[in-house]
Amino acid sequence: PEDKAGAGGSRAGGGIDIGEGLEEKALLSYEGVGEAGERPLSVAVTEYHFILLFEGRVRIVNRINEKVAHEEVLEGNFRGKPLGLCRDESAQVCYLYSTEGLYSFEIRNEGQNIWRNYLDKGLYEPALSFARTVDQRNHIYNKKAARELSHGRYVEAARVYSNVCGQPSFEEICLKFIEVGQFAGLQTFLQERLKKMSQQERTQATMISTWLTEIYLDAINEANVKHGK
């Protein structure tokens with residue numbers, strides 16, 4: 001069977017699995033994280049990464065996108081033959097022990113770019129939960145709204161766009177729906193934005209309310225014409 005690395009426990013075929021009884025199970029293929037036919041000597045697991053110890057280096061692999069995030073060559077002050085890894089979760093430190101010494105490296109800001117990893121996989125809600133800035137959240141909302149538009153889900157896209165603070169501007173978002181004749185989407189966007197406005201935004205709230213009234217009146221007139229009234 002194909003060699004795999006995961007989050008703990010032995011597995012037949014020379015791989016490592018995450019074990020029984022866990023809610024989220026995943027396997028990481030050794031192929032792509034080691035040289036051809038090379039297996040790690042030891043594996044440690046953090047919240048978002050696998051730490052793999054090889055004969056002459058340590059590789060950090062992102063658990064979400066399965067890409068190598070960092071590699072540390074064992075040279076310079078390193079002495080002896082590497083034997084294994086051990087993680088101290090409370091101190092956020094991982095230890096590497098060899099035949100001649102014990103070495104440590106700290107785990108810092110591990111979740112800093114996790115939002116982008118989730119976004120690249122199209123997992124918008126987890127991405128939002130890890131976003132730390134307004135710009136990051138806007139980037140996620142824009143990506144999600146663009147996907148909804150590309151699938152013709154204009155009302156859902158409007159709901160997503162209503163969360164954007166910054167770019168694209170209010171006017172640019174409105175034009176996206178007007179240009180394709182999607183007034184239901186426009187109406188939803190205006191309604192959602194109106195709900196989110198504060199008392200200090202009275203001028204824009206009045207403008208949106210007036211625009212919504214015009215849309216409702218146009219819809220009523222169109223219905224009357226259609227039914228011959």
# chains A, B, ... in the order shown; residues from 1 in each chain; ligands from 1
call {"tool": "residues_around", "arguments": {"residues": "A:Ile107", "least_positions_apart": "5", "cutoff": "12 Å", "atoms": "only C-alpha atoms", "output": "MDAnalysis selection string"}}
result
chainID A and resid 45:51 60 87:95 112
call {"tool": "residues_around", "arguments": {"residues": "A:Lys176", "least_positions_apart": "5", "cutoff": "12 Å", "atoms": "only C-alpha atoms", "output": "VMD selection string"}}
result
chain A and resid 145 to 146 149 to 150 154 157 to 158 161 168 to 171 181 to 183 185 to 186 189
call {"tool": "closest_residue", "arguments": {"among": "A:Lys144, A:Asn77, A:Arg116, A:Leu217", "to": "A:Ala131", "atoms": "only C-alpha atoms"}}
result
A:Arg116
call {"tool": "residues_around", "arguments": {"residues": "A:His139", "least_positions_apart": "6", "cutoff": "12 Å", "atoms": "only C-alpha atoms", "output": "list in words"}}
result
Trp115, Arg116, Leu119, Asp120, Tyr124, Ala127, Leu128, Ala131, Arg132, Thr133, Ala145, Ala146, Val160, Tyr161, Asn163, Val164, Cys165, Gly166, Gln167 and Pro168 of chain A
call {"tool": "select_by_dssp", "arguments": {"residues": "chain A", "states": "helix (DSSP H, G or I)", "output": "JSON, numbers by chain"}}
result
{"A": [114, 115, 116, 117, 118, 119, 120, 124, 125, 126, 127, 128, 129, 130, 134, 135, 136, 137, 138, 139, 140, 141, 142, 143, 144, 145, 146, 147, 148, 149, 150, 154, 155, 156, 157, 158, 159, 160, 161, 170, 171, 172, 173, 174, 175, 176, 177, 178, 179, 183, 184, 185, 186, 187, 188, 189, 190, 191, 192, 193, 194, 195, 196, 199, 200, 201, 202, 203, 204, 205, 206, 207, 208, 209, 210, 211, 212, 213, 214, 215, 216, 217, 218, 219, 220, 221, 222, 223, 224, 225, 226]}
call {"tool": "residues_around", "arguments": {"residues": "stretch 56-59 of chain A", "least_positions_apart": "5", "cutoff": "9 Å", "atoms": "only C-alpha atoms", "output": "MDAnalysis selection string"}}
result
chainID A and resid 33:34 50:51 68:75 81:82
